[in-house]
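*Asks:* Right, I'll just put the structure down here and ask away after.
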Amino acid sequence: SPADPRYSALLELVRTLDRQNRPVEEPGIGQIHFGNTPLVRGLRVIPLLQVAVLSMLIVAGIMVLGVRARAERERVWAGMAREAAHQLGTPLSSLQGWLELLAEREGDPVPGSPTDSARVHMHGDVVRLERVAHRFERIGRPPKLVPTDIGLSVETVVNYFRARVPTLANPVTLTFDRGEGPLVVPADRVLLEWAVESLVKNAVDALAGRGGTIAVRVDRAAGGGARVRVADDGPGIPAKLRRKIFAAGFTTKERGWGIGLPLARRIVEESHNGRLQLVPSDRGAVFDLHFPG
């Protein structure tokens, strides 16, 4: 009866059941009110779980396709680089032969004369092209880390550029400083010189048409290993671009490819477990390459 305290509770239960399912009219009995069992309530969750699992599978599939696409692109680029290195071999051998023939025909020029200087630089260019071809062959292959005097390797790069930077109009001065004695770290010399060349080349480009100084220094790092610093007194890098300079394809040059700095970082960090960073400076651009000992 309505006076029974359980009556209101019964009515509330009936309303709850009716919200879940419409009551059934049974002749001779009346209305039958029923709700959802735990099994039915659990079944309602299954479509949501299916949608969630399907979404996860779609996302995972997209990620796998992206990884496969990147891996395929890297294989293609590595194959193209090795093919380019192979194609360079023939003209390089020919150039080396022409230089030897020129030396035989001209005899021994006076040391320090224009002819002698030109022949020395031509030979240096051929050697560098051979080194570049050898680098292309190394793309996509594991680095060969061996004990390397990092100061000697960096000095080789500096000496090459020093003979080729502008010295008359808007001269560029390239300096090199290293500590006493050899500084040996595990490194792949071919890749190491490639990374340093990329940074020095960028510094030379930054000083084009204005002149300035590029200072390269090799010293021991505070926590062990070695540090190579490449600093110039050019216009520097705007603050808004400092986070973008290591992105592949990003460049501020009209004819740049935007691969120099990303390549250098990849060589230092992935091949040598080191670190390449842009150091805050009041003038110009300063890059530090850290190589573990």
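Ordering of the structure tokens sets the chain letters (A, B, ...); residue numbers start at 1 within each chain; ligands are numbered from 1 in the order shown.
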Excluding Val228 in chain A and any residue of its chain fewer than 4 positions from it, enumerate the residues within 8 Å of it, using only C-alpha atoms, and give them as number ranges by chain.

*Replies:* A: 216-219, 288-290

*Asks:* Excluding range 263-271 of chain A and its own-chain neighbours fewer than 2 positions away, which residues fall within 10 Å of it when counting only C-alpha atoms? Please give them as a PyMOL selection string.

*Replies:* chain A and resi 142-145+187-188+191-199+246-248+258-261+273-277+289-291

*Asks:* Could those residues be written to a file, using C-alpha atoms, as a PDB file, in the first residue's frame?

*Replies:*
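File written: part-v3.pdb
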```
ATOM      1  CA  PRO A 142      77.610   1.480 -40.182  1.00  0.00           C
ATOM      2  CA  PRO A 143      80.380   3.897 -39.124  1.00  0.00           C
ATOM      3  CA  LYS A 144      83.922   2.617 -38.702  1.00  0.00           C
ATOM      4  CA  LEU A 145      84.944   3.949 -35.298  1.00  0.00           C
ATOM      5  CA  ALA A 187      85.733   8.241 -34.639  1.00  0.00           C
ATOM      6  CA  ASP A 188      85.085   7.553 -38.284  1.00  0.00           C
ATOM      7  CA  LEU A 191      82.403  11.078 -41.548  1.00  0.00           C
ATOM      8  CA  LEU A 192      84.074  13.308 -38.951  1.00  0.00           C
ATOM      9  CA  GLU A 193      85.742  15.459 -41.613  1.00  0.00           C
ATOM     10  CA  TRP A 194      82.458  15.578 -43.523  1.00  0.00           C
ATOM     11  CA  ALA A 195      80.640  17.058 -40.513  1.00  0.00           C
ATOM     12  CA  VAL A 196      83.362  19.653 -39.859  1.00  0.00           C
ATOM     13  CA  GLU A 197      83.448  20.602 -43.546  1.00  0.00           C
ATOM     14  CA  SER A 198      79.698  21.254 -43.503  1.00  0.00           C
ATOM     15  CA  LEU A 199      80.067  23.707 -40.618  1.00  0.00           C
ATOM     16  CA  PHE A 246      68.748  21.417 -38.029  1.00  0.00           C
ATOM     17  CA  ALA A 247      65.540  20.469 -39.865  1.00  0.00           C
ATOM     18  CA  ALA A 248      66.192  18.640 -43.131  1.00  0.00           C
ATOM     19  CA  GLY A 258      69.215  22.426 -46.405  1.00  0.00           C
ATOM     20  CA  ILE A 259      71.088  19.180 -45.738  1.00  0.00           C
ATOM     21  CA  GLY A 260      74.456  20.396 -44.392  1.00  0.00           C
ATOM     22  CA  LEU A 261      73.523  20.919 -40.746  1.00  0.00           C
ATOM     23  CA  ASN A 273      76.985   9.182 -29.933  1.00  0.00           C
ATOM     24  CA  GLY A 274      78.093  12.794 -29.554  1.00  0.00           C
ATOM     25  CA  ARG A 275      76.322  16.134 -29.584  1.00  0.00           C
ATOM     26  CA  LEU A 276      76.130  19.044 -32.023  1.00  0.00           C
ATOM     27  CA  GLN A 277      74.672  22.303 -30.755  1.00  0.00           C
ATOM     28  CA  LEU A 289      80.719  19.337 -31.766  1.00  0.00           C
ATOM     29  CA  HIS A 290      81.224  17.049 -28.776  1.00  0.00           C
ATOM     30  CA  PHE A 291      82.751  13.594 -29.261  1.00  0.00           C
TER      31      PHE A 291
END
```

*Asks:* Would you mind reading off the distance between CA of Ala206 in chain A and CA of Phe161 in chain A, one decimal, in Å?

*Replies:*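 Atom-to-atom, CA of Ala206 in chain A to CA of Phe161 in chain A, that is 14.3 Å.
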
*Asks:* Which one of A:Val157, A:Ala208, A:Ala221, A:Val185 sits closest to Val172 in chain A if you count only C-alpha atoms?

*Replies:* A:Ala208

*Asks:* Quick one: distance from CA of Val14 in chain A to CA of Gly28 in chain A in Å, one decimal?

*Replies:*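 A separation of 19.4 Å between them.
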
*Asks:* Which residue is closest to Ala118 in chain A? Choose from A:Gly179, A:Leu99, A:Val230, A:Thr156 and count only C-alpha atoms.

*Replies:*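 Closest residue, counting only C-alpha atoms: A:Leu99.
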
*Asks:* Using only C-alpha atoms, determine which residues lie at most 8 Å from Ala203 in chain A, disregarding the query and same-chain residues fewer than 5 positions distant; provide the list as a list in words.

*Replies:*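 That gives Ile214, Ala231, Asp232, Gly234 and Ala285 of chain A.
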
*Asks:* Okay, now the selection with N, CA, C and O atoms, as a PDB file, in the first residue's frame?

*Replies:*
```pdb
ATOM      1  N   ILE A 214      86.874  33.130 -39.358  1.00  0.00           N
ATOM      2  CA  ILE A 214      86.341  31.842 -38.904  1.00  0.00           C
ATOM      3  C   ILE A 214      87.398  31.214 -38.001  1.00  0.00           C
ATOM      4  O   ILE A 214      88.542  31.013 -38.428  1.00  0.00           O
ATOM      5  N   ALA A 231      83.469  28.844 -35.091  1.00  0.00           N
ATOM      6  CA  ALA A 231      82.837  30.130 -34.792  1.00  0.00           C
ATOM      7  C   ALA A 231      83.177  31.133 -35.886  1.00  0.00           C
ATOM      8  O   ALA A 231      84.313  31.179 -36.372  1.00  0.00           O
ATOM      9  N   ASP A 232      82.206  31.940 -36.281  1.00  0.00           N
ATOM     10  CA  ASP A 232      82.446  33.011 -37.247  1.00  0.00           C
ATOM     11  C   ASP A 232      81.873  34.304 -36.695  1.00  0.00           C
ATOM     12  O   ASP A 232      81.055  34.293 -35.772  1.00  0.00           O
ATOM     13  N   GLY A 234      80.145  36.512 -38.523  1.00  0.00           N
ATOM     14  CA  GLY A 234      79.200  36.967 -39.534  1.00  0.00           C
ATOM     15  C   GLY A 234      77.912  37.487 -38.940  1.00  0.00           C
ATOM     16  O   GLY A 234      77.847  37.838 -37.753  1.00  0.00           O
ATOM     17  N   ALA A 285      77.901  33.081 -35.536  1.00  0.00           N
ATOM     18  CA  ALA A 285      77.353  31.762 -35.199  1.00  0.00           C
ATOM     19  C   ALA A 285      78.468  30.899 -34.637  1.00  0.00           C
ATOM     20  O   ALA A 285      79.584  30.877 -35.160  1.00  0.00           O
TER      21      ALA A 285
END
```

*Asks:* Which of range 96-251 of chain A end up as strand (DSSP E or B) when DSSP is run on this backbone - answer as a PyMOL selection string?

*Replies:* chain A and resi 146-149+172-178+184-187+212-220+226-232

*Asks:* Compile the contact shell of Gln96 in chain A as a PyMOL selection string: residues with an atom at most 9 Å away, counting only C-alpha atoms, same-chain residues fewer than 5 positions apart removed.

*Replies:* chain A and resi 91+101+123+126-127

*Asks:* So what do you get for CA of Arg135 in chain A versus CA of Arg189 in chain A, distance-wise?

*Replies:*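 If I compute the distance from CA of Arg135 in chain A to CA of Arg189 in chain A, I get 10.3 Å.
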
*Asks:* A:Gly181, A:Pro166, A:Gly236, A:Pro147: which is nearest Gly293 in chain A, counting only C-alpha atoms?

*Replies:*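 For Gly293 in chain A, the nearest of the given residues is A:Pro147.
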
*Asks:* Skipping near chain neighbours, those fewer than 6 positions away, what residues fall within 10 Å of Asp125 in chain A using only C-alpha atoms, listed as a VMD selection string?

*Replies:* chain A and resid 119 131 160

*Asks:* Could you write those residues out with N, CA and C atoms, as a compact mmCIF listing (two decimals), in the first residue's frame?

*Replies:*
```
# COMPACT_ATOMS: atom_id res chain seq x y z
N ARG A 119 99.19 23.54 -59.64
CA ARG A 119 99.22 22.08 -59.72
C ARG A 119 98.97 21.44 -58.35
N ARG A 131 87.76 11.80 -51.96
CA ARG A 131 87.26 11.64 -50.60
C ARG A 131 85.74 11.77 -50.56
N TYR A 160 92.50 22.78 -46.09
CA TYR A 160 91.89 22.73 -47.42
C TYR A 160 91.13 24.03 -47.70
```

*Asks:* I need the residue nearest His272 in chain A from this list: A:Gly223, A:Pro27, A:Pro186, A:Gly211. Use only C-alpha atoms for the distance.

*Replies:*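 For His272 in chain A, the nearest of the candidates is A:Pro186.
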
*Asks:* Let's see if you can do this: from backbone DSSP, list all alpha helix (DSSP H) residues in range 128-189 of chain A, as a PyMOL selection string.

*Replies:* chain A and resi 128-138+150-162+189

*Asks:* For the residues selected in the previous step, produce a file with N, CA, C and O atoms as a compact mmCIF listing (two decimals), in the first residue's frame.

*Replies:*
```txt
# COMPACT_ATOMS: atom_id res chain seq x y z
N ARG A 128 90.28 15.62 -52.88
CA ARG A 128 89.03 15.89 -52.16
C ARG A 128 87.84 15.24 -52.87
O ARG A 128 86.94 14.70 -52.23
N LEU A 129 87.81 15.31 -54.20
CA LEU A 129 86.73 14.66 -54.93
C LEU A 129 86.73 13.15 -54.68
O LEU A 129 85.67 12.54 -54.55
N GLU A 130 87.92 12.57 -54.61
CA GLU A 130 88.00 11.14 -54.29
C GLU A 130 87.46 10.87 -52.89
O GLU A 130 86.78 9.87 -52.65
N ARG A 131 87.76 11.80 -51.96
CA ARG A 131 87.26 11.64 -50.60
C ARG A 131 85.74 11.77 -50.56
O ARG A 131 85.05 11.04 -49.85
N VAL A 132 85.20 12.72 -51.33
CA VAL A 132 83.75 12.89 -51.39
C VAL A 132 83.08 11.65 -51.96
O VAL A 132 82.05 11.18 -51.46
N ALA A 133 83.67 11.10 -53.03
CA ALA A 133 83.12 9.88 -53.62
C ALA A 133 83.14 8.74 -52.60
O ALA A 133 82.19 7.96 -52.51
N HIS A 134 84.22 8.67 -51.83
CA HIS A 134 84.31 7.63 -50.80
C HIS A 134 83.24 7.84 -49.73
O HIS A 134 82.67 6.88 -49.20
N ARG A 135 82.94 9.11 -49.42
CA ARG A 135 81.89 9.39 -48.44
C ARG A 135 80.53 8.89 -48.94
O ARG A 135 79.76 8.31 -48.18
N PHE A 136 80.25 9.13 -50.19
CA PHE A 136 78.97 8.69 -50.74
C PHE A 136 78.82 7.18 -50.65
O PHE A 136 77.72 6.67 -50.46
N GLU A 137 79.94 6.47 -50.78
CA GLU A 137 79.88 5.02 -50.65
C GLU A 137 79.53 4.59 -49.24
O GLU A 137 79.02 3.48 -49.03
N ARG A 138 79.78 5.46 -48.26
CA ARG A 138 79.56 5.11 -46.86
C ARG A 138 78.13 5.38 -46.40
O ARG A 138 77.75 4.96 -45.30
N ILE A 150 91.70 13.63 -33.48
CA ILE A 150 90.68 14.54 -33.99
C ILE A 150 91.29 15.88 -34.39
O ILE A 150 90.81 16.53 -35.34
N GLY A 151 92.34 16.30 -33.72
CA GLY A 151 92.99 17.55 -34.08
C GLY A 151 93.58 17.50 -35.47
O GLY A 151 93.47 18.45 -36.25
N LEU A 152 94.21 16.37 -35.81
CA LEU A 152 94.81 16.21 -37.13
C LEU A 152 93.74 16.19 -38.21
O LEU A 152 93.91 16.80 -39.28
N SER A 153 92.63 15.52 -37.95
CA SER A 153 91.55 15.46 -38.94
C SER A 153 90.95 16.83 -39.20
O SER A 153 90.73 17.22 -40.35
N VAL A 154 90.69 17.57 -38.12
CA VAL A 154 90.11 18.90 -38.29
C VAL A 154 91.09 19.84 -38.97
O VAL A 154 90.71 20.67 -39.80
N GLU A 155 92.37 19.72 -38.64
CA GLU A 155 93.38 20.58 -39.28
C GLU A 155 93.44 20.34 -40.78
O GLU A 155 93.66 21.27 -41.57
N THR A 156 93.23 19.10 -41.21
CA THR A 156 93.20 18.79 -42.64
C THR A 156 92.08 19.56 -43.32
O THR A 156 92.26 20.12 -44.42
N VAL A 157 90.93 19.60 -42.70
CA VAL A 157 89.79 20.34 -43.27
C VAL A 157 90.09 21.83 -43.33
O VAL A 157 89.83 22.50 -44.34
N VAL A 158 90.64 22.37 -42.25
CA VAL A 158 90.95 23.81 -42.19
C VAL A 158 91.96 24.18 -43.26
O VAL A 158 91.80 25.20 -43.95
N ASN A 159 92.99 23.39 -43.43
CA ASN A 159 94.02 23.69 -44.43
C ASN A 159 93.45 23.68 -45.84
O ASN A 159 93.85 24.48 -46.69
N TYR A 160 92.50 22.78 -46.09
CA TYR A 160 91.89 22.73 -47.42
C TYR A 160 91.13 24.03 -47.70
O TYR A 160 91.27 24.63 -48.77
N PHE A 161 90.31 24.47 -46.76
CA PHE A 161 89.52 25.67 -46.97
C PHE A 161 90.38 26.93 -46.93
O PHE A 161 90.08 27.91 -47.62
N ARG A 162 91.42 26.92 -46.14
CA ARG A 162 92.27 28.11 -46.00
C ARG A 162 92.87 28.50 -47.34
O ARG A 162 93.06 29.69 -47.64
N ARG A 189 86.89 8.76 -39.38
CA ARG A 189 87.54 9.98 -39.88
C ARG A 189 86.83 10.54 -41.11
O ARG A 189 86.70 11.76 -41.25
```
